[in-house]
>>> print(open('entry15.json').read())   # JSON, C-alpha atoms
[["chain", "number", "residue", "atom", "x", "y", "z"],
["A", 1, "MET", "CA", -31.24, 32.22, -146.86],
["A", 2, "ALA", "CA", -29.52, 33.34, -150.05],
["A", 3, "ASN", "CA", -31.35, 35.72, -152.35],
["A", 4, "LYS", "CA", -34.01, 36.62, -149.82],
["A", 5, "SER", "CA", -37.34, 37.75, -151.22],
["A", 6, "THR", "CA", -38.24, 41.35, -150.40],
["A", 7, "LEU", "CA", -41.61, 41.96, -148.77],
["A", 8, "TYR", "CA", -43.23, 45.41, -148.93],
["A", 9, "PHE", "CA", -45.98, 45.90, -146.35],
["A", 10, "ILE", "CA", -48.55, 48.70, -146.86],
["A", 11, "HIS", "CA", -50.92, 49.66, -144.03],
["A", 12, "GLY", "CA", -54.56, 50.72, -144.22],
["A", 13, "TRP", "CA", -56.56, 53.93, -143.70],
["A", 14, "GLY", "CA", -55.83, 55.87, -140.51],
["A", 15, "MET", "CA", -52.96, 53.52, -139.66],
["A", 16, "ASN", "CA", -49.18, 53.49, -140.12],
["A", 17, "GLN", "CA", -46.39, 50.99, -140.66],
["A", 18, "ALA", "CA", -46.31, 50.02, -136.96],
["A", 19, "VAL", "CA", -49.42, 47.83, -137.36],
["A", 20, "TRP", "CA", -47.27, 45.23, -139.13],
["A", 21, "GLN", "CA", -44.80, 44.88, -136.27],
["A", 22, "PRO", "CA", -46.24, 41.64, -134.80],
["A", 23, "VAL", "CA", -46.02, 39.99, -138.23],
["A", 24, "THR", "CA", -42.72, 41.35, -139.50],
["A", 25, "GLN", "CA", -40.82, 40.31, -136.38],
["A", 26, "ALA", "CA", -41.43, 36.69, -137.36],
["A", 27, "LEU", "CA", -40.33, 37.19, -140.97],
["A", 28, "THR", "CA", -37.13, 39.25, -140.80],
["A", 29, "ASP", "CA", -34.81, 36.24, -140.54],
["A", 30, "ASP", "CA", -35.96, 34.77, -143.85],
["A", 31, "PHE", "CA", -37.00, 37.84, -145.85],
["A", 32, "ASP", "CA", -35.96, 41.42, -146.48],
["A", 33, "VAL", "CA", -38.92, 43.17, -144.85],
["A", 34, "VAL", "CA", -39.80, 46.77, -145.70],
["A", 35, "THR", "CA", -42.75, 48.49, -144.01],
["A", 36, "LEU", "CA", -43.96, 51.49, -145.99],
["A", 37, "ASP", "CA", -45.93, 54.51, -144.84],
["A", 38, "ILE", "CA", -48.53, 55.91, -147.22],
["A", 39, "PRO", "CA", -47.87, 59.65, -147.80],
["A", 40, "GLY", "CA", -49.60, 61.61, -145.06],
["A", 41, "PHE", "CA", -49.37, 58.75, -142.55],
["A", 42, "GLY", "CA", -46.84, 57.64, -139.93],
["A", 43, "ALA", "CA", -43.26, 58.68, -140.64],
["A", 44, "ALA", "CA", -44.53, 60.20, -143.91],
["A", 45, "SER", "CA", -47.22, 62.31, -142.16],
["A", 46, "GLU", "CA", -45.70, 65.54, -143.50],
["A", 47, "GLU", "CA", -45.71, 64.33, -147.13],
["A", 48, "ILE", "CA", -48.81, 66.07, -148.41],
["A", 49, "ILE", "CA", -50.06, 64.91, -151.80],
["A", 50, "THR", "CA", -52.56, 66.85, -153.88],
["A", 51, "PRO", "CA", -54.72, 65.40, -155.22],
["A", 52, "PHE", "CA", -54.66, 62.32, -152.99],
["A", 53, "SER", "CA", -55.04, 59.85, -155.85],
["A", 54, "LEU", "CA", -53.75, 56.30, -156.30],
["A", 55, "GLU", "CA", -51.61, 57.54, -159.19],
["A", 56, "ASN", "CA", -49.94, 60.26, -157.10],
["A", 57, "ILE", "CA", -49.58, 58.04, -154.02],
["A", 58, "CYS", "CA", -47.84, 55.28, -155.96],
["A", 59, "GLN", "CA", -45.67, 57.77, -157.83],
["A", 60, "GLN", "CA", -44.45, 59.10, -154.48],
["A", 61, "MET", "CA", -44.03, 55.69, -152.85],
["A", 62, "GLU", "CA", -42.24, 54.26, -155.88],
["A", 63, "GLN", "CA", -39.26, 56.47, -155.03],
["A", 64, "THR", "CA", -38.69, 54.41, -151.87],
["A", 65, "ILE", "CA", -38.81, 51.03, -153.65],
["A", 66, "GLU", "CA", -35.22, 49.94, -154.19],
["A", 67, "LYS", "CA", -35.82, 46.55, -155.81],
["A", 68, "PRO", "CA", -38.69, 44.30, -156.93],
["A", 69, "GLY", "CA", -40.58, 42.39, -154.27],
["A", 70, "ILE", "CA", -43.87, 40.99, -153.03],
["A", 71, "PHE", "CA", -46.39, 43.69, -152.12],
["A", 72, "ILE", "CA", -48.61, 42.99, -149.12],
["A", 73, "GLY", "CA", -51.41, 45.54, -148.75],
["A", 74, "TRP", "CA", -54.02, 45.65, -146.00],
["A", 75, "SER", "CA", -57.40, 47.30, -146.57],
["A", 76, "MET", "CA", -56.76, 50.65, -148.34],
["A", 77, "GLY", "CA", -53.14, 49.52, -148.63],
["A", 78, "GLY", "CA", -54.45, 46.68, -150.78],
["A", 79, "LEU", "CA", -55.82, 49.20, -153.27],
["A", 80, "ILE", "CA", -52.35, 50.73, -153.47],
["A", 81, "ALA", "CA", -50.71, 47.31, -153.84],
["A", 82, "GLN", "CA", -53.11, 46.38, -156.65],
["A", 83, "TYR", "CA", -52.37, 49.68, -158.42],
["A", 84, "PHE", "CA", -48.64, 48.99, -158.11],
["A", 85, "ALA", "CA", -49.13, 45.51, -159.62],
["A", 86, "LEU", "CA", -51.04, 47.00, -162.55],
["A", 87, "HIS", "CA", -48.94, 50.10, -163.25],
["A", 88, "TYR", "CA", -45.47, 49.17, -161.93],
["A", 89, "PRO", "CA", -45.38, 45.47, -162.86],
["A", 90, "ALA", "CA", -41.58, 45.33, -162.96],
["A", 91, "LEU", "CA", -41.49, 46.18, -159.24],
["A", 92, "VAL", "CA", -44.10, 43.63, -158.13],
["A", 93, "THR", "CA", -43.14, 39.95, -158.13],
["A", 94, "GLY", "CA", -46.18, 38.88, -156.13],
["A", 95, "LEU", "CA", -49.29, 40.40, -154.57],
["A", 96, "ILE", "CA", -51.00, 39.68, -151.26],
["A", 97, "CYS", "CA", -54.21, 41.60, -150.54],
["A", 98, "VAL", "CA", -55.32, 41.42, -146.91],
["A", 99, "ALA", "CA", -58.96, 42.25, -146.14],
["A", 100, "SER", "CA", -58.98, 44.32, -149.29],
["A", 101, "SER", "CA", -61.05, 44.76, -152.42],
["A", 102, "PRO", "CA", -60.80, 46.30, -155.87],
["A", 103, "CYS", "CA", -63.86, 48.37, -154.91],
["A", 104, "PHE", "CA", -64.71, 49.04, -151.25],
["A", 105, "ALA", "CA", -67.98, 50.91, -151.70],
["A", 106, "GLU", "CA", -71.28, 49.11, -152.04],
["A", 107, "LYS", "CA", -72.72, 49.32, -155.58],
["A", 108, "LYS", "CA", -76.41, 48.50, -155.39],
["A", 109, "GLN", "CA", -76.93, 48.69, -159.15],
["A", 110, "THR", "CA", -74.58, 45.73, -159.66],
["A", 111, "ASP", "CA", -75.26, 44.01, -156.29],
["A", 112, "TRP", "CA", -71.63, 44.61, -155.33],
["A", 113, "PRO", "CA", -71.17, 44.07, -151.57],
["A", 114, "GLY", "CA", -69.15, 46.72, -149.78],
["A", 115, "ILE", "CA", -69.17, 49.57, -147.31],
["A", 116, "LYS", "CA", -72.56, 51.28, -147.22],
["A", 117, "PRO", "CA", -72.57, 54.97, -148.25],
["A", 118, "LYS", "CA", -73.97, 56.09, -144.88],
["A", 119, "VAL", "CA", -71.01, 54.47, -143.07],
["A", 120, "LEU", "CA", -68.46, 56.33, -145.21],
["A", 121, "ALA", "CA", -70.45, 59.55, -144.89],
["A", 122, "GLY", "CA", -70.48, 59.13, -141.13],
["A", 123, "PHE", "CA", -66.70, 58.78, -141.04],
["A", 124, "GLN", "CA", -66.30, 61.88, -143.20],
["A", 125, "GLN", "CA", -68.55, 63.94, -140.93],
["A", 126, "GLN", "CA", -66.88, 62.71, -137.74],
["A", 127, "LEU", "CA", -63.41, 63.28, -139.11],
["A", 128, "ALA", "CA", -64.04, 66.98, -139.48],
["A", 129, "SER", "CA", -64.67, 67.31, -135.75],
["A", 130, "ASP", "CA", -62.71, 64.61, -133.96],
["A", 131, "TYR", "CA", -60.00, 62.38, -135.45],
["A", 132, "SER", "CA", -59.52, 60.35, -132.26],
["A", 133, "LYS", "CA", -63.18, 59.39, -132.00],
["A", 134, "THR", "CA", -63.33, 58.57, -135.71],
["A", 135, "LEU", "CA", -60.31, 56.30, -135.42],
["A", 136, "GLU", "CA", -61.78, 54.67, -132.31],
["A", 137, "ARG", "CA", -64.97, 53.86, -134.20],
["A", 138, "PHE", "CA", -63.03, 52.63, -137.21],
["A", 139, "LEU", "CA", -60.92, 50.31, -135.05],
["A", 140, "ALA", "CA", -64.08, 48.96, -133.42],
["A", 141, "ILE", "CA", -65.58, 48.17, -136.83],
["A", 142, "GLN", "CA", -62.36, 46.50, -137.97],
["A", 143, "ALA", "CA", -62.38, 44.11, -135.03],
["A", 144, "MET", "CA", -66.14, 43.58, -134.87],
["A", 145, "GLY", "CA", -67.10, 39.93, -134.58],
["A", 146, "SER", "CA", -63.58, 38.71, -133.91],
["A", 147, "PRO", "CA", -63.27, 36.63, -130.70],
["A", 148, "THR", "CA", -60.16, 38.68, -129.88],
["A", 149, "ALA", "CA", -61.75, 42.06, -130.69],
["A", 150, "LYS", "CA", -60.81, 43.88, -127.47],
["A", 151, "GLN", "CA", -57.21, 42.69, -127.59],
["A", 152, "ASP", "CA", -56.95, 43.51, -131.32],
["A", 153, "ILE", "CA", -58.15, 47.10, -130.78],
["A", 154, "LYS", "CA", -55.85, 47.62, -127.81],
["A", 155, "ALA", "CA", -52.87, 46.25, -129.76],
["A", 156, "LEU", "CA", -53.61, 48.41, -132.80],
["A", 157, "LYS", "CA", -53.95, 51.59, -130.75],
["A", 158, "ALA", "CA", -50.69, 50.97, -128.90],
["A", 159, "LEU", "CA", -48.80, 50.36, -132.14],
["A", 160, "LEU", "CA", -50.27, 53.40, -133.89],
["A", 161, "MET", "CA", -49.21, 55.73, -131.08],
["A", 162, "THR", "CA", -45.54, 55.06, -131.79],
["A", 163, "TYR", "CA", -45.81, 57.37, -134.84],
["A", 164, "PRO", "CA", -47.23, 60.87, -135.40],
["A", 165, "ASN", "CA", -50.92, 61.32, -136.14],
["A", 166, "PRO", "CA", -51.75, 61.26, -139.84],
["A", 167, "ALA", "CA", -52.36, 64.44, -141.81],
["A", 168, "LEU", "CA", -56.03, 65.43, -141.93],
["A", 169, "SER", "CA", -55.81, 65.87, -145.72],
["A", 170, "ALA", "CA", -54.58, 62.26, -146.08],
["A", 171, "LEU", "CA", -57.36, 60.96, -143.84],
["A", 172, "LYS", "CA", -59.98, 62.82, -145.85],
["A", 173, "GLY", "CA", -58.37, 61.81, -149.13],
["A", 174, "GLY", "CA", -58.23, 58.18, -148.03],
["A", 175, "LEU", "CA", -61.97, 58.11, -147.33],
["A", 176, "VAL", "CA", -62.59, 59.50, -150.81],
["A", 177, "LEU", "CA", -60.44, 56.70, -152.26],
["A", 178, "LEU", "CA", -62.46, 54.09, -150.37],
["A", 179, "GLU", "CA", -65.63, 55.69, -151.66],
["A", 180, "GLN", "CA", -64.65, 56.25, -155.30],
["A", 181, "VAL", "CA", -61.86, 53.92, -156.45],
["A", 182, "ASP", "CA", -63.07, 51.04, -158.62],
["A", 183, "LEU", "CA", -60.47, 48.64, -160.02],
["A", 184, "ARG", "CA", -62.93, 45.86, -160.77],
["A", 185, "ASN", "CA", -62.43, 46.04, -164.52],
["A", 186, "GLN", "CA", -58.64, 46.05, -164.16],
["A", 187, "ILE", "CA", -57.69, 43.27, -161.76],
["A", 188, "ALA", "CA", -57.99, 40.60, -164.46],
["A", 189, "ASP", "CA", -54.88, 42.25, -165.94],
["A", 190, "ILE", "CA", -52.80, 41.50, -162.82],
["A", 191, "THR", "CA", -50.25, 38.94, -164.02],
["A", 192, "GLN", "CA", -48.31, 38.43, -160.78],
["A", 193, "PRO", "CA", -49.09, 35.49, -158.46],
["A", 194, "THR", "CA", -51.81, 36.78, -156.14],
["A", 195, "LEU", "CA", -53.14, 35.73, -152.75],
["A", 196, "ARG", "CA", -56.28, 37.33, -151.36],
["A", 197, "ILE", "CA", -56.84, 36.89, -147.61],
["A", 198, "TYR", "CA", -60.22, 37.62, -146.02],
["A", 199, "GLY", "CA", -61.88, 37.51, -142.62],
["A", 200, "ARG", "CA", -65.32, 35.89, -142.60],
["A", 201, "LEU", "CA", -66.56, 38.39, -139.99],
["A", 202, "ASP", "CA", -65.28, 41.45, -141.84],
["A", 203, "SER", "CA", -67.91, 44.17, -142.23],
["A", 204, "LEU", "CA", -65.77, 46.38, -144.50],
["A", 205, "VAL", "CA", -65.02, 43.66, -147.07],
["A", 206, "PRO", "CA", -68.02, 41.36, -146.59],
["A", 207, "ALA", "CA", -67.49, 37.63, -147.12],
["A", 208, "LYS", "CA", -70.14, 37.68, -149.84],
["A", 209, "ALA", "CA", -67.79, 39.88, -151.92],
["A", 210, "ILE", "CA", -65.25, 37.05, -152.17],
["A", 211, "ASP", "CA", -67.00, 35.20, -155.01],
["A", 212, "PHE", "CA", -67.42, 38.46, -156.94],
["A", 213, "ILE", "CA", -63.71, 39.25, -156.62],
["A", 214, "SER", "CA", -62.68, 35.68, -157.49],
["A", 215, "ALA", "CA", -64.76, 35.85, -160.66],
["A", 216, "LEU", "CA", -62.91, 39.04, -161.67],
["A", 217, "GLN", "CA", -59.46, 37.59, -160.93],
["A", 218, "PRO", "CA", -59.86, 33.81, -161.22],
["A", 219, "ASN", "CA", -56.12, 33.12, -161.12],
["A", 220, "ALA", "CA", -55.80, 34.57, -157.62],
["A", 221, "GLN", "CA", -55.64, 32.27, -154.60],
["A", 222, "THR", "CA", -58.25, 32.88, -151.91],
["A", 223, "LEU", "CA", -57.88, 32.25, -148.19],
["A", 224, "LEU", "CA", -60.68, 32.84, -145.67],
["A", 225, "PHE", "CA", -60.05, 33.05, -141.93],
["A", 226, "LYS", "CA", -63.30, 31.88, -140.37],
["A", 227, "HIS", "CA", -62.99, 33.66, -137.03],
["A", 228, "ALA", "CA", -61.26, 36.85, -138.22],
["A", 229, "SER", "CA", -62.68, 40.26, -138.95],
["A", 230, "HIS", "CA", -60.82, 43.06, -140.79],
["A", 231, "ALA", "CA", -57.40, 42.43, -139.20],
["A", 232, "PRO", "CA", -56.61, 38.71, -139.67],
["A", 233, "PHE", "CA", -52.90, 39.38, -139.25],
["A", 234, "LEU", "CA", -53.62, 40.28, -135.61],
["A", 235, "SER", "CA", -56.42, 37.87, -134.69],
["A", 236, "ASP", "CA", -54.85, 34.89, -136.53],
["A", 237, "LYS", "CA", -51.20, 35.90, -136.54],
["A", 238, "THR", "CA", -49.61, 32.45, -136.60],
["A", 239, "GLU", "CA", -51.82, 31.17, -139.42],
["A", 240, "PHE", "CA", -51.42, 34.45, -141.30],
["A", 241, "ILE", "CA", -47.62, 34.25, -141.22],
["A", 242, "ALA", "CA", -47.74, 30.59, -142.28],
["A", 243, "SER", "CA", -49.98, 31.47, -145.24],
["A", 244, "ILE", "CA", -47.56, 34.16, -146.39],
["A", 245, "ARG", "CA", -44.63, 31.74, -146.21],
["A", 246, "GLN", "CA", -46.56, 29.07, -148.09],
["A", 247, "PHE", "CA", -47.61, 31.48, -150.82],
["A", 248, "ILE", "CA", -44.07, 32.79, -151.31],
["A", 249, "THR", "CA", -42.58, 29.30, -151.43],
["A", 250, "LYS", "CA", -45.16, 28.18, -153.98],
["A", 251, "SER", "CA", -44.98, 31.29, -156.18],
["A", 252, "THR", "CA", -41.17, 31.46, -156.24],
["A", 253, "ASN", "CA", -40.91, 27.78, -157.24],
["A", 254, "GLN", "CA", -43.27, 28.11, -160.18]]
>>> encode(input="entry15.json", output="structure tokens")
Amino acid sequence: MANKSTLYFIHGWGMNQAVWQPVTQALTDDFDVVTLDIPGFGAASEEIITPFSLENICQQMEQTIEKPGIFIGWSMGGLIAQYFALHYPALVTGLICVASSPCFAEKKQTDWPGIKPKVLAGFQQQLASDYSKTLERFLAIQAMGSPTAKQDIKALKALLMTYPNPALSALKGGLVLLEQVDLRNQIADITQPTLRIYGRLDSLVPAKAIDFISALQPNAQTLLFKHASHAPFLSDKTEFIASIRQFITKSTNQ
């Protein structure tokens, strides 16, 4: 394929670029695929950023972006991808947010569905004492409800172990991002073609948040995987890959 589109994949909290391996293997023939590690994670585990803010993360990651492309961000990686689309628009030709949100934390005062404060607080407390157990619990929550939950967790763990453990400062900083970042008032300014993929059984980005997000970014396409939880690219891999291909074909022909 001449003039291949470039796809930049960004993983989520506690993860690394290896989680994308099952998906990227099926895309490398038709696209230039680049899997990125967030500073402090995976191959970038020694890149310590202070403070661990979206601005600083994207500033660091931008140095590895050689040409414009479609940014595909999962979970916390979706926050980063959205920030790139807003602040580095020349680099982002399209945006795919996977099980992600402009605001992950529940906001009771505005009825915003999200992660409950006690869940985030529990992760923060656990993290201080035992990273492995915290990650185990996080993986369990990500797969909860999915008919392939056990296989999904096993696959994720095996992939993650191919890279070094993340830096504790990045893990802590990432939880703060999930707790505090709020891009709700900004995503209407995203001008790139956007696809938002959700899992109906996701407890971290509840299905009832979809209508809220759609109202904030009405031009974005929405796709809901009925039997998926927080990792639809694992539980519904074939359909996930097909949806990416379809989105790219449609957006590049506009």
>>> closest_atom_pairs(input="entry15.json", of="segment 126-187 of chain A", to="segment 235-247 of chain A", cutoff="10 Å", atoms="only C-alpha atoms", output="Markdown table")
| residue | atom | partner | partner_atom | distance |
| --- | --- | --- | --- | --- |
| A:Ala143 | CA | A:Ser235 | CA | 8.6 |
| A:Ser146 | CA | A:Ser235 | CA | 7.3 |
| A:Pro147 | CA | A:Ser235 | CA | 8.0 |
| A:Thr148 | CA | A:Ser235 | CA | 6.1 |
| A:Ala149 | CA | A:Ser235 | CA | 7.9 |
| A:Gln151 | CA | A:Ser235 | CA | 8.6 |
| A:Asp152 | CA | A:Ser235 | CA | 6.6 |
>>> closest_residue(input="entry15.json", among="A:Leu139, A:Leu127, A:Ile65, A:Ala228", to="Pro206 of chain A", atoms="all atoms listed in the file")
A:Ala228
>>> residues_around(input="entry15.json", residues="His11 of chain A", least_positions_apart="6", cutoff="10 Å", atoms="only C-alpha atoms", output="PDB file with C-alpha atoms, in the frame of the given file")
ATOM      1  CA  GLN A  17     -46.390  50.990-140.660  1.00  0.00           C
ATOM      2  CA  ALA A  18     -46.310  50.020-136.960  1.00  0.00           C
ATOM      3  CA  VAL A  19     -49.420  47.830-137.360  1.00  0.00           C
ATOM      4  CA  TRP A  20     -47.270  45.230-139.130  1.00  0.00           C
ATOM      5  CA  THR A  35     -42.750  48.490-144.010  1.00  0.00           C
ATOM      6  CA  LEU A  36     -43.960  51.490-145.990  1.00  0.00           C
ATOM      7  CA  ASP A  37     -45.930  54.510-144.840  1.00  0.00           C
ATOM      8  CA  ILE A  38     -48.530  55.910-147.220  1.00  0.00           C
ATOM      9  CA  PHE A  41     -49.370  58.750-142.550  1.00  0.00           C
ATOM     10  CA  GLY A  42     -46.840  57.640-139.930  1.00  0.00           C
ATOM     11  CA  ILE A  72     -48.610  42.990-149.120  1.00  0.00           C
ATOM     12  CA  GLY A  73     -51.410  45.540-148.750  1.00  0.00           C
ATOM     13  CA  TRP A  74     -54.020  45.650-146.000  1.00  0.00           C
ATOM     14  CA  SER A  75     -57.400  47.300-146.570  1.00  0.00           C
ATOM     15  CA  MET A  76     -56.760  50.650-148.340  1.00  0.00           C
ATOM     16  CA  GLY A  77     -53.140  49.520-148.630  1.00  0.00           C
ATOM     17  CA  GLY A  78     -54.450  46.680-150.780  1.00  0.00           C
ATOM     18  CA  ILE A  80     -52.350  50.730-153.470  1.00  0.00           C
ATOM     19  CA  VAL A  98     -55.320  41.420-146.910  1.00  0.00           C
TER      20      VAL A  98
END
>>> closest_residue(input="entry15.json", among="A:Ile248, A:Thr110, A:Gln125, A:Leu156", to="Phe212 of chain A", atoms="only C-alpha atoms")
A:Thr110
>>> closest_atom_pairs(input="entry15.json", of="segment 86-138 of chain A", to="segment 218-225 of chain A", cutoff="10 Å", atoms="all atoms listed in the file", output="Markdown table")
| residue | atom | partner | partner_atom | distance |
| --- | --- | --- | --- | --- |
| A:Leu95 | CA | A:Ala220 | CA | 9.3 |
| A:Ile96 | CA | A:Gln221 | CA | 9.4 |
| A:Cys97 | CA | A:Thr222 | CA | 9.7 |
| A:Val98 | CA | A:Leu223 | CA | 9.6 |
| A:Ala99 | CA | A:Leu224 | CA | 9.6 |
>>> closest_residue(input="entry15.json", among="A:Leu234, A:Thr194, A:Leu178, A:Ser5", to="Ile153 of chain A", atoms="only C-alpha atoms")
A:Leu234
